[in-house]
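model_2.txt (compact mmCIF, C-alpha atoms)
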# COMPACT_ATOMS: atom_id res chain seq x y z
CA MET A 1 -48.31 -26.97 -107.59
CA THR A 2 -49.56 -25.05 -104.58
CA GLY A 3 -48.20 -27.68 -102.19
CA VAL A 4 -44.77 -27.57 -103.84
CA ASP A 5 -44.67 -23.77 -103.67
CA ASP A 6 -45.61 -23.82 -99.99
CA THR A 7 -42.89 -26.35 -99.23
CA ARG A 8 -40.25 -24.26 -100.97
CA ARG A 9 -41.39 -21.20 -99.10
CA THR A 10 -41.04 -23.05 -95.80
CA ILE A 11 -37.63 -24.61 -96.30
CA GLY A 12 -36.09 -21.62 -98.10
CA PRO A 13 -34.10 -21.49 -101.33
CA SER A 14 -32.51 -24.58 -102.86
CA PRO A 15 -28.71 -25.09 -102.56
CA ALA A 16 -28.17 -24.18 -106.23
CA ARG A 17 -30.13 -20.98 -105.90
CA ARG A 18 -28.33 -20.16 -102.64
CA LEU A 19 -25.00 -20.56 -104.38
CA ALA A 20 -26.08 -18.27 -107.21
CA ARG A 21 -27.64 -15.66 -104.95
CA PRO A 22 -25.92 -15.61 -101.52
CA LEU A 23 -28.23 -12.90 -100.19
CA GLU A 24 -31.43 -14.72 -101.11
CA PRO A 25 -31.86 -16.19 -97.59
CA TYR A 26 -31.97 -12.65 -96.22
CA ALA A 27 -34.50 -11.54 -98.83
CA ASP A 28 -36.55 -14.61 -97.91
CA ILE A 29 -36.93 -13.68 -94.23
CA PHE A 30 -37.95 -10.12 -95.06
CA ARG A 31 -40.83 -11.37 -97.17
CA ILE A 32 -42.57 -12.19 -93.89
CA PRO A 33 -45.27 -9.53 -93.33
CA GLY A 34 -44.04 -6.81 -90.98
CA ALA A 35 -40.53 -8.28 -90.62
CA TRP A 36 -38.58 -5.48 -92.28
CA ARG A 37 -40.43 -2.82 -90.29
CA PHE A 38 -39.65 -4.15 -86.81
CA SER A 39 -36.10 -5.06 -87.86
CA VAL A 40 -35.30 -1.59 -89.29
CA ALA A 41 -36.94 0.05 -86.26
CA GLY A 42 -34.76 -2.15 -84.06
CA VAL A 43 -31.59 -1.06 -85.87
CA ILE A 44 -32.46 2.63 -85.46
CA GLY A 45 -33.49 2.18 -81.85
CA ARG A 46 -30.31 0.37 -80.85
CA MET A 47 -27.85 2.75 -82.53
CA PRO A 48 -27.28 4.34 -79.08
CA MET A 49 -25.61 1.13 -77.87
CA SER A 50 -22.55 2.27 -79.90
CA MET A 51 -23.07 6.02 -79.34
CA PHE A 52 -24.41 6.75 -75.89
CA GLU A 53 -21.47 5.81 -73.67
CA LEU A 54 -18.93 7.60 -75.89
CA GLY A 55 -21.26 10.59 -76.14
CA VAL A 56 -21.46 10.77 -72.34
CA VAL A 57 -17.66 10.66 -72.09
CA LEU A 58 -17.24 13.47 -74.64
CA LEU A 59 -19.94 15.62 -73.02
CA ILE A 60 -18.61 15.33 -69.48
CA ALA A 61 -14.96 15.62 -70.54
CA ALA A 62 -15.78 18.87 -72.36
CA THR A 63 -17.67 20.12 -69.30
CA THR A 64 -15.28 19.10 -66.52
CA GLY A 65 -12.00 18.92 -68.40
CA THR A 66 -11.24 15.44 -67.09
CA TYR A 67 -11.66 12.03 -68.69
CA GLY A 68 -11.48 10.37 -65.28
CA VAL A 69 -14.88 11.66 -64.19
CA ALA A 70 -16.30 11.10 -67.67
CA GLY A 71 -15.17 7.48 -67.67
CA ALA A 72 -16.55 6.89 -64.17
CA VAL A 73 -20.00 8.20 -65.17
CA ALA A 74 -19.98 6.09 -68.33
CA ALA A 75 -18.96 3.02 -66.32
CA ALA A 76 -21.81 3.65 -63.86
CA GLY A 77 -24.24 3.65 -66.79
CA SER A 78 -22.72 0.46 -68.23
CA PHE A 79 -22.98 -1.43 -64.95
CA ALA A 80 -26.54 -0.19 -64.44
CA TYR A 81 -27.47 -1.46 -67.92
CA ALA A 82 -25.79 -4.81 -67.35
CA PHE A 83 -27.63 -5.45 -64.09
CA SER A 84 -31.02 -4.03 -65.05
CA SER A 85 -31.46 -5.57 -68.50
CA PRO A 86 -32.20 -9.17 -67.33
CA HIS A 87 -34.86 -7.88 -64.92
CA ILE A 88 -36.39 -5.68 -67.61
CA ALA A 89 -36.30 -8.61 -70.04
CA ARG A 90 -38.15 -10.75 -67.47
CA MET A 91 -40.89 -8.13 -67.33
CA VAL A 92 -41.02 -8.07 -71.13
CA ASP A 93 -41.55 -11.83 -71.22
CA SER A 94 -44.32 -11.69 -68.64
CA ARG A 95 -46.10 -8.46 -69.67
CA GLY A 96 -45.28 -7.85 -73.32
CA GLN A 97 -42.81 -5.63 -75.16
CA ARG A 98 -44.97 -2.54 -75.67
CA ARG A 99 -46.22 -2.38 -72.06
CA VAL A 100 -42.64 -2.33 -70.75
CA LEU A 101 -40.95 -0.29 -73.49
CA LEU A 102 -43.11 2.83 -73.30
CA PRO A 103 -42.59 3.68 -69.58
CA LEU A 104 -38.95 2.58 -69.83
CA LEU A 105 -38.41 4.94 -72.75
CA ALA A 106 -39.99 7.82 -70.80
CA VAL A 107 -37.54 7.33 -67.91
CA PHE A 108 -34.60 7.05 -70.33
CA ALA A 109 -35.56 10.27 -72.13
CA ALA A 110 -36.06 12.20 -68.88
CA SER A 111 -32.75 11.06 -67.35
CA THR A 112 -30.85 11.80 -70.57
CA ALA A 113 -32.35 15.29 -70.65
CA ALA A 114 -31.26 15.77 -67.03
CA LEU A 115 -27.73 14.65 -67.91
CA ILE A 116 -27.55 17.13 -70.80
CA VAL A 117 -28.87 19.95 -68.58
CA ALA A 118 -26.24 19.12 -65.95
CA GLY A 119 -23.58 19.40 -68.61
CA GLU A 120 -24.89 22.63 -70.09
CA LEU A 121 -25.16 24.25 -66.64
CA HIS A 122 -21.68 22.99 -65.61
CA LEU A 123 -23.01 21.49 -62.39
CA ARG A 124 -20.87 19.74 -59.81
CA THR A 125 -19.40 16.34 -60.57
CA TRP A 126 -21.86 14.37 -58.44
CA ALA A 127 -24.78 15.74 -60.47
CA PHE A 128 -23.73 13.62 -63.47
CA PHE A 129 -23.74 10.23 -61.76
CA VAL A 130 -27.43 9.83 -60.92
CA PRO A 131 -28.88 10.71 -64.34
CA GLY A 132 -25.99 8.90 -66.04
CA ALA A 133 -26.68 5.66 -64.15
CA ILE A 134 -30.46 5.91 -64.62
CA ALA A 135 -30.10 6.60 -68.36
CA GLY A 136 -27.72 3.68 -68.76
CA GLY A 137 -29.96 1.34 -66.78
CA THR A 138 -33.13 2.23 -68.69
CA MET A 139 -31.80 2.38 -72.25
CA PRO A 140 -34.05 -0.12 -74.12
CA SER A 141 -32.29 -3.35 -75.09
CA LEU A 142 -33.91 -3.69 -78.50
CA GLY A 143 -31.38 -6.24 -79.76
CA THR A 144 -32.79 -9.01 -77.58
CA MET A 145 -36.38 -7.96 -78.29
CA VAL A 146 -35.82 -8.04 -82.05
CA ARG A 147 -34.34 -11.51 -81.75
CA ALA A 148 -37.30 -12.56 -79.60
CA ARG A 149 -39.64 -11.48 -82.41
CA TRP A 150 -37.67 -13.45 -84.97
CA SER A 151 -37.77 -16.46 -82.62
CA ALA A 152 -41.55 -16.22 -82.35
CA LEU A 153 -42.00 -15.86 -86.12
CA LEU A 154 -39.50 -18.54 -87.19
CA ALA A 155 -39.54 -21.05 -84.32
CA GLY A 156 -38.23 -24.40 -85.55
CA SER A 157 -37.31 -23.02 -88.98
CA PRO A 158 -33.76 -22.97 -90.41
CA ARG A 159 -34.45 -19.38 -91.43
CA LEU A 160 -34.06 -18.34 -87.78
CA HIS A 161 -30.32 -18.85 -88.21
CA THR A 162 -30.36 -16.33 -91.09
CA ALA A 163 -32.42 -13.83 -89.07
CA PHE A 164 -30.01 -13.98 -86.12
CA SER A 165 -27.12 -13.54 -88.54
CA PHE A 166 -28.67 -10.41 -90.00
CA GLU A 167 -29.19 -8.90 -86.56
CA SER A 168 -25.55 -9.58 -85.61
CA VAL A 169 -24.41 -7.89 -88.82
CA ALA A 170 -26.69 -4.95 -87.99
CA ASP A 171 -25.03 -4.73 -84.56
CA GLU A 172 -21.62 -4.53 -86.22
CA LEU A 173 -22.76 -1.82 -88.61
CA CYS A 174 -23.99 0.18 -85.62
CA PHE A 175 -20.49 -0.02 -84.18
CA VAL A 176 -18.96 1.09 -87.48
CA VAL A 177 -21.20 4.15 -87.92
CA GLY A 178 -22.10 5.10 -84.33
CA PRO A 179 -18.72 6.04 -82.76
CA ALA A 180 -17.67 8.13 -85.77
CA ALA A 181 -21.02 9.94 -85.84
CA VAL A 182 -21.12 10.73 -82.13
CA THR A 183 -17.51 11.95 -82.14
CA LEU A 184 -18.20 14.27 -85.06
CA LEU A 185 -21.35 15.65 -83.42
CA ALA A 186 -19.75 16.19 -80.01
CA THR A 187 -16.56 17.80 -81.33
CA GLU A 188 -17.74 19.75 -84.38
CA VAL A 189 -21.30 20.75 -83.40
CA PHE A 190 -21.50 21.07 -79.59
CA PRO A 191 -20.63 18.69 -76.69
CA ALA A 192 -24.20 17.59 -75.95
CA ALA A 193 -25.04 16.90 -79.62
CA GLY A 194 -23.73 13.33 -79.54
CA VAL A 195 -25.80 12.29 -76.53
CA GLY A 196 -28.82 14.20 -77.82
CA VAL A 197 -28.85 12.57 -81.26
CA ALA A 198 -28.31 9.13 -79.71
CA ALA A 199 -31.32 9.70 -77.45
CA LEU A 200 -33.47 10.88 -80.37
CA LEU A 201 -32.57 7.79 -82.41
CA CYS A 202 -33.46 5.60 -79.44
CA LEU A 203 -36.74 7.46 -78.97
CA GLY A 204 -37.79 7.29 -82.62
CA GLY A 205 -36.70 3.71 -83.24
CA THR A 206 -38.22 2.36 -80.04
CA LEU A 207 -41.57 4.10 -80.61
CA TRP A 208 -41.70 2.69 -84.14
CA PHE A 209 -40.74 -0.77 -82.84
CA ALA A 210 -43.40 -0.67 -80.11
CA ALA A 211 -46.01 0.40 -82.67
CA GLU A 212 -45.47 -2.82 -84.68
CA ARG A 213 -48.02 -4.80 -82.68
CA ARG A 214 -48.64 -7.42 -85.38
CA THR A 215 -45.27 -9.12 -84.87
CA GLU A 216 -45.05 -8.72 -81.09
CA PRO A 217 -44.60 -12.13 -79.38
CA VAL A 218 -47.56 -13.45 -77.45
CA VAL A 219 -47.03 -13.28 -73.69
CA MET A 220 -46.53 -16.70 -72.13
CA HIS A 221 -46.47 -17.53 -68.44
CA ALA A 222 -42.97 -18.71 -67.57
CA ALA A 223 -42.50 -22.17 -66.14
CA GLY A 224 -41.64 -22.00 -62.48
CA SER A 225 -43.81 -19.01 -61.64
CA VAL A 226 -46.70 -19.73 -59.33
CA SER A 227 -48.71 -16.60 -60.00
CA ARG A 228 -48.46 -13.25 -61.68
CA GLY A 229 -45.98 -10.96 -59.95
CA ARG A 230 -44.09 -13.67 -58.09
CA ARG A 231 -40.41 -14.20 -58.71
CA VAL A 232 -39.50 -16.71 -61.42
CA ARG A 233 -37.11 -19.32 -60.11
CA GLY A 234 -34.17 -20.96 -61.80
CA ALA A 235 -32.04 -19.95 -64.76
CA PRO A 236 -33.97 -19.18 -67.96
CA ALA A 237 -31.67 -21.55 -69.90
CA ALA A 238 -29.31 -24.32 -68.81
CA GLY A 239 -26.46 -23.10 -71.02
CA LEU A 240 -26.23 -19.75 -69.24
CA VAL A 241 -23.94 -21.20 -66.58
CA VAL A 242 -21.35 -21.53 -69.37
CA LEU A 243 -22.31 -18.78 -71.79
CA ALA A 244 -22.57 -15.93 -69.25
CA PRO A 245 -18.90 -16.13 -68.15
CA VAL A 246 -17.81 -16.80 -71.73
CA TYR A 247 -19.50 -13.59 -72.91
CA LEU A 248 -18.19 -11.61 -69.92
CA LEU A 249 -14.63 -12.59 -70.84
CA LEU A 250 -15.34 -11.81 -74.49
CA GLY A 251 -16.48 -8.32 -73.49
CA ALA A 252 -13.21 -7.79 -71.59
CA MET A 253 -11.29 -9.04 -74.64
CA PHE A 254 -13.14 -6.74 -77.06
CA VAL A 255 -12.63 -3.57 -75.03
CA SER A 256 -8.97 -4.45 -74.41
CA VAL A 257 -8.42 -4.80 -78.15
CA ASP A 258 -10.16 -1.48 -78.78
CA LEU A 259 -8.21 0.52 -76.21
CA SER A 260 -4.91 -1.17 -77.04
CA THR A 261 -5.43 -0.34 -80.71
CA VAL A 262 -5.90 3.35 -79.86
CA SER A 263 -2.70 3.23 -77.82
CA PHE A 264 -0.88 1.30 -80.58
CA ALA A 265 -1.88 3.90 -83.18
CA GLN A 266 -0.79 6.70 -80.86
CA HIS A 267 2.56 4.97 -80.34
CA PHE A 268 3.20 5.19 -84.09
CA GLY A 269 2.01 8.81 -84.25
CA HIS A 270 -1.26 8.08 -86.04
CA LYS A 271 -3.91 8.20 -83.31
CA PRO A 272 -6.62 9.63 -85.66
CA LEU A 273 -6.39 6.37 -87.66
CA ALA A 274 -7.49 4.27 -84.68
CA GLY A 275 -11.16 4.67 -85.53
CA PHE A 276 -10.60 3.52 -89.11
CA ILE A 277 -8.50 0.55 -87.97
CA LEU A 278 -11.15 -0.55 -85.49
CA GLY A 279 -13.74 -0.09 -88.22
CA THR A 280 -12.03 -2.84 -90.20
CA TYR A 281 -12.48 -5.11 -87.17
CA ALA A 282 -16.24 -4.52 -87.24
CA LEU A 283 -16.28 -4.77 -91.04
CA GLY A 284 -14.62 -8.18 -90.86
CA SER A 285 -17.23 -9.29 -88.35
CA ALA A 286 -20.06 -8.06 -90.59
CA THR A 287 -18.55 -9.88 -93.59
CA GLY A 288 -18.23 -13.11 -91.65
CA GLY A 289 -21.75 -12.77 -90.30
CA LEU A 290 -23.30 -12.29 -93.75
CA TRP A 291 -21.49 -15.34 -95.13
CA TYR A 292 -22.26 -17.46 -92.08
CA GLY A 293 -25.94 -16.59 -92.18
CA SER A 294 -26.32 -17.36 -95.88
CA ARG A 295 -25.45 -21.04 -95.31
CA GLN A 296 -27.22 -23.90 -93.60
CA TRP A 297 -24.85 -25.93 -91.43
CA ARG A 298 -24.80 -29.64 -90.62
CA ALA A 299 -22.44 -29.41 -87.66
CA PRO A 300 -24.16 -28.96 -84.26
CA VAL A 301 -24.36 -25.33 -83.23
CA GLU A 302 -22.41 -25.88 -79.99
CA LYS A 303 -19.45 -27.25 -81.97
CA ARG A 304 -19.59 -24.29 -84.36
CA PHE A 305 -19.63 -21.96 -81.37
CA ALA A 306 -16.53 -23.60 -79.90
CA VAL A 307 -14.67 -23.57 -83.24
CA THR A 308 -15.38 -19.93 -84.14
CA LEU A 309 -14.61 -18.79 -80.59
CA THR A 310 -11.28 -20.61 -80.66
CA LEU A 311 -10.41 -19.10 -84.05
CA THR A 312 -11.24 -15.63 -82.74
CA VAL A 313 -8.97 -16.08 -79.74
CA LEU A 314 -6.13 -17.42 -81.90
CA GLY A 315 -6.38 -14.29 -84.04
CA VAL A 316 -6.30 -11.96 -81.04
CA ALA A 317 -3.26 -13.81 -79.69
CA THR A 318 -1.22 -12.48 -82.66
CA PHE A 319 -1.90 -8.78 -82.09
CA TRP A 320 0.85 -8.21 -79.54
CA ALA A 321 3.48 -9.21 -82.14
CA GLN A 322 2.24 -7.05 -85.04
CA PRO A 323 5.12 -4.89 -86.34
CA ASN A 324 3.10 -1.95 -87.66
CA LEU A 325 -0.37 -0.53 -88.28
CA VAL A 326 -0.74 -2.08 -91.75
CA THR A 327 -0.26 -5.65 -90.53
CA LEU A 328 -2.42 -4.94 -87.49
CA THR A 329 -5.26 -3.71 -89.70
CA CYS A 330 -5.09 -6.84 -91.85
CA GLY A 331 -5.00 -9.02 -88.74
CA LEU A 332 -8.00 -7.24 -87.23
CA TYR A 333 -10.08 -7.75 -90.37
CA LEU A 334 -9.22 -11.45 -90.61
CA CYS A 335 -9.85 -12.00 -86.90
CA GLY A 336 -13.15 -10.14 -87.18
CA LEU A 337 -14.47 -12.69 -89.69
CA THR A 338 -15.24 -15.15 -86.87
CA ILE A 339 -16.68 -12.74 -84.29
CA ALA A 340 -20.22 -12.43 -85.64
CA PRO A 341 -20.51 -16.21 -86.24
CA THR A 342 -19.50 -16.75 -82.60
CA LEU A 343 -22.12 -14.34 -81.29
CA ILE A 344 -24.79 -15.73 -83.65
CA ALA A 345 -24.15 -19.28 -82.42
CA GLY A 346 -24.35 -18.14 -78.80
CA PHE A 347 -27.76 -16.54 -79.29
CA SER A 348 -28.95 -19.61 -81.22
CA LEU A 349 -27.91 -21.88 -78.35
CA LEU A 350 -29.85 -19.86 -75.79
CA GLU A 351 -32.88 -19.45 -78.03
CA ALA A 352 -33.15 -23.22 -78.32
CA GLN A 353 -32.59 -23.89 -74.61
CA ALA A 354 -34.73 -21.07 -73.17
CA LYS A 355 -37.60 -22.12 -70.96
CA PRO A 356 -41.13 -21.28 -72.15
CA GLY A 357 -41.94 -17.62 -71.67
CA ARG A 358 -38.34 -16.65 -70.80
CA ARG A 359 -36.69 -16.26 -74.19
CA THR A 360 -36.00 -12.52 -73.96
CA GLU A 361 -34.62 -12.87 -70.43
CA ALA A 362 -32.27 -15.67 -71.50
CA MET A 363 -30.80 -13.71 -74.40
CA SER A 364 -30.51 -10.53 -72.34
CA TRP A 365 -28.01 -12.27 -70.04
CA LEU A 366 -25.56 -12.47 -72.94
CA SER A 367 -25.79 -8.72 -73.52
CA SER A 368 -25.37 -8.16 -69.79
CA GLY A 369 -22.34 -10.43 -69.68
CA ILE A 370 -20.65 -8.49 -72.46
CA GLY A 371 -21.61 -5.21 -70.77
CA VAL A 372 -20.00 -6.20 -67.47
CA GLY A 373 -16.95 -7.45 -69.34
CA LEU A 374 -16.62 -4.17 -71.23
CA ALA A 375 -16.80 -2.09 -68.06
CA ALA A 376 -14.47 -4.31 -66.02
CA GLY A 377 -12.03 -4.86 -68.87
CA ALA A 378 -11.78 -1.14 -69.62
CA SER A 379 -10.85 -0.32 -66.02
CA VAL A 380 -8.13 -2.99 -65.91
CA VAL A 381 -6.58 -2.51 -69.33
CA GLY A 382 -6.42 1.25 -68.79
CA PHE A 383 -3.89 0.78 -65.99
CA ILE A 384 -2.00 -1.80 -68.07
CA LEU A 385 -1.69 0.58 -71.01
CA ASP A 386 -0.48 3.42 -68.79
CA ALA A 387 2.15 1.24 -67.14
CA HIS A 388 3.30 -1.11 -69.91
CA GLY A 389 2.01 0.02 -73.30
CA PRO A 390 -0.20 -1.48 -76.02
CA ARG A 391 1.60 -4.78 -76.57
CA VAL A 392 0.98 -5.86 -72.99
CA GLY A 393 -2.58 -4.59 -73.42
CA TYR A 394 -2.99 -6.96 -76.37
CA ALA A 395 -1.49 -9.76 -74.26
CA PHE A 396 -4.16 -9.09 -71.61
CA ALA A 397 -6.83 -9.23 -74.33
CA ALA A 398 -5.46 -12.59 -75.46
CA ALA A 399 -5.49 -13.88 -71.87
CA CYS A 400 -9.17 -12.94 -71.55
CA GLY A 401 -9.85 -14.72 -74.84
CA VAL A 402 -8.03 -17.87 -73.77
CA ALA A 403 -9.99 -17.95 -70.51
CA SER A 404 -13.21 -17.56 -72.53
CA ALA A 405 -12.32 -20.43 -74.88
CA VAL A 406 -11.26 -22.72 -72.02
CA THR A 407 -14.52 -22.01 -70.18
CA CYS A 408 -16.46 -22.88 -73.33
CA LEU A 409 -14.58 -26.13 -73.98
CA VAL A 410 -14.86 -27.27 -70.37
CA GLY A 411 -18.58 -26.53 -70.31
CA LEU A 412 -19.33 -27.83 -73.81
CA PRO A 413 -21.45 -30.80 -72.55
CA ARG A 414 -23.85 -28.30 -70.93
CA LEU A 415 -24.34 -26.56 -74.27
CA ARG A 416 -25.47 -29.70 -76.06
CA SER A 417 -29.20 -29.93 -76.49
CA PRO A 418 -31.36 -32.02 -78.81
CA GLN A 419 -33.55 -28.93 -79.25
CA VAL A 420 -30.78 -26.84 -80.77
CA ALA A 421 -31.39 -26.50 -84.49
CA ALA A 422 -28.93 -25.64 -87.23
Using structure tokens, write down the structure from this file.
Amino acid sequence: MTGVDDTRRTIGPSPARRLARPLEPYADIFRIPGAWRFSVAGVIGRMPMSMFELGVVLLIAATTGTYGVAGAVAAAGSFAYAFSSPHIARMVDSRGQRRVLLPLLAVFAASTAALIVAGELHLRTWAFFVPGAIAGGTMPSLGTMVRARWSALLAGSPRLHTAFSFESVADELCFVVGPAAVTLLATEVFPAAGVGVAALLCLGGTLWFAAERRTEPVVMHAAGSVSRGRRVRGAPAAGLVVLAPVYLLLGAMFVSVDLSTVSFAQHFGHKPLAGFILGTYALGSATGGLWYGSRQWRAPVEKRFAVTLTLTVLGVATFWAQPNLVTLTCGLYLCGLTIAPTLIAGFSLLEAQAKPGRRTEAMSWLSSGIGVGLAAGASVVGFILDAHGPRVGYAFAAACGVASAVTCLVGLPRLRSPQVAA
């Protein structure tokens, strides 16, 4: 009987039980000792990814009276994050999560405090850029580190698919709660409250996460490095040559949809509803992610990635023709159903292809790609919305999506790997 019980524990719930209890796969992964603690700490610590940039914009706009400067400072932080996170992830792989997180967190806290002081003292415009860029570049990327822990705990197990699905759903929930919370704090409490609370959440969650030493991945020397401290050569995963541009274009598509939706709601005289409408987009993604993660799939993960990405783009391609806010909201929810499955499949592909000792670095490139896409897409679509309105903004979003899907389909052979598990 013991052998049978152990086998069931390894392979997860039976199909009949999974059908009866769709959330059982998620309960199964959190039975692993220490799993729920590092995962919850990771959710708290990465709430700022949906709060910090908006909080910076609201703080600086209240201080200077211009959204132009506020947006420029926020963009500087986004670019700094996008370019620093792969290098930080490389250090995490070679030195360990705790050893890198603690000094990184100290720099982030100090630079955020400097940014708040600059705002409270109404300093000159240039005084915002340095602390804003440093804070953005040093904000801990806990999403990739949480996934690295799951990868170490569940390597080769089908339950890794469920764990990645949960983390993608958690990301979406952060984007449902975070923007509303930071807006309320910055507008109803005081301008620096949004940034301050985001920094405190990052500080508390990251310290808790770093304290969970039992589940921290063991440091491995990366293949291709000759000695400690020397530069690691080559890409951390073969699929990055395809996935990095795909995710960059996805980031541009996402931010174009967001900003065009705000403009669309304003066009109909209901701008305050934009946050709720975009919330349905994230809710659809969370719904799709929960369902996707509760199933075990037979189709290869690269094919699932291509299918869900194509479905997402087809949905976005209808937004420009929506007649009103009601139909747009329904379309956003339905389109959102395939977003989380797409992102989950992308992380699964890289996890399977990552070279030994470079798993965190590989997955961080996807976050960086989206970050660059968000910053670049926001700057372009802003001019489009000013000149031509939201429908052309949605058309630009669709064009970014089509380019992303074409890049994926052309590069699909590079994403195939016998190591990729369902």
>> Using only C-alpha atoms, which protein or nucleic acid residues come within 9 Å of A:Val73? Drop anything in the same chain fewer than 5 positions from it, and give the result as a ChimeraX atom specification.
In response: /A:53,56-57,60,68,78,128-130,132-133
>> Here is a test: counting all atoms listed in the file, which residue of A:Gly119, A:Ala74, A:Leu160, A:Val146 is nearest to A:Gln296?
In response: A:Leu160
> So which one's closest to A:Gly389, A:His267, A:Arg298, A:Arg98, A:His122? Using all atoms listed in the file, please.
Replying inline: A:His267
Can you tell me which residues surround A:Ala345 at a distance of at most 9 Å, considering all atoms listed in the file, apart from same-chain residues fewer than 3 positions away, and format the answer as a PDB file with C-alpha atoms, in the frame of the given file?
ATOM      1  CA  HIS A 161     -30.320 -18.850 -88.210  1.00  0.00           C
ATOM      2  CA  PHE A 164     -30.010 -13.980 -86.120  1.00  0.00           C
ATOM      3  CA  SER A 165     -27.120 -13.540 -88.540  1.00  0.00           C
ATOM      4  CA  VAL A 301     -24.360 -25.330 -83.230  1.00  0.00           C
ATOM      5  CA  GLU A 302     -22.410 -25.880 -79.990  1.00  0.00           C
ATOM      6  CA  ARG A 304     -19.590 -24.290 -84.360  1.00  0.00           C
ATOM      7  CA  PHE A 305     -19.630 -21.960 -81.370  1.00  0.00           C
ATOM      8  CA  THR A 308     -15.380 -19.930 -84.140  1.00  0.00           C
ATOM      9  CA  ALA A 340     -20.220 -12.430 -85.640  1.00  0.00           C
ATOM     10  CA  PRO A 341     -20.510 -16.210 -86.240  1.00  0.00           C
ATOM     11  CA  THR A 342     -19.500 -16.750 -82.600  1.00  0.00           C
ATOM     12  CA  SER A 348     -28.950 -19.610 -81.220  1.00  0.00           C
ATOM     13  CA  LEU A 349     -27.910 -21.880 -78.350  1.00  0.00           C
ATOM     14  CA  LEU A 350     -29.850 -19.860 -75.790  1.00  0.00           C
TER      15      LEU A 350
END
>> With 12 Å as the threshold, what does the neighbourhood of (0.1, -12.3, -83.0) contain in terms of residues, counting all atoms listed in the file? Coordinates are those of the file; answer as a list in words.
In response: Thr312, Val313, Leu314, Gly315, Val316, Ala317, Thr318, Phe319, Trp320, Ala321, Gln322, Pro323, Asn324, Thr327, Leu328, Cys330, Gly331, Leu332, Cys335, Arg391, Val392, Tyr394, Ala395, Ala397 and Ala398 of chain A
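Atom to atom, atom CA of A:Gly34 and atom CA of A:Leu290 stand 21.6 Å apart.
Taking atom CA of A:Leu334 and atom CA of A:Gly284 as endpoints, the distance between them is 6.3 Å.
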> What separation in Å, quoted to one decimal, exists between atom CA of A:Ala76 and atom CA of A:Ser256?
Replying inline: 18.5 Å
>> Can you pull out the residues contacting stretch 406-408 of chain A? Cut-off 9 Å, using all atoms listed in the file, and skip same-chain residues under 2 positions away; I want them as an NGL selection string.
In response: :A and (242-243 or 245-246 or 305-306 or 309-310 or 401-404 or 410-412 or 415)
> What lies within 12 Å of A:Thr287 using all atoms listed in the file, ignoring chain neighbours under 5 positions off, as a list in words?
Replying inline: Ser165, Phe166, Ser168, Val169, Ala170, Glu172, Leu173, Thr280, Tyr281, Ala282, Tyr292, Gly293, Ser294, Tyr333, Leu334, Cys335, Gly336, Leu337, Thr338, Ile339, Ala340 and Pro341 of chain A
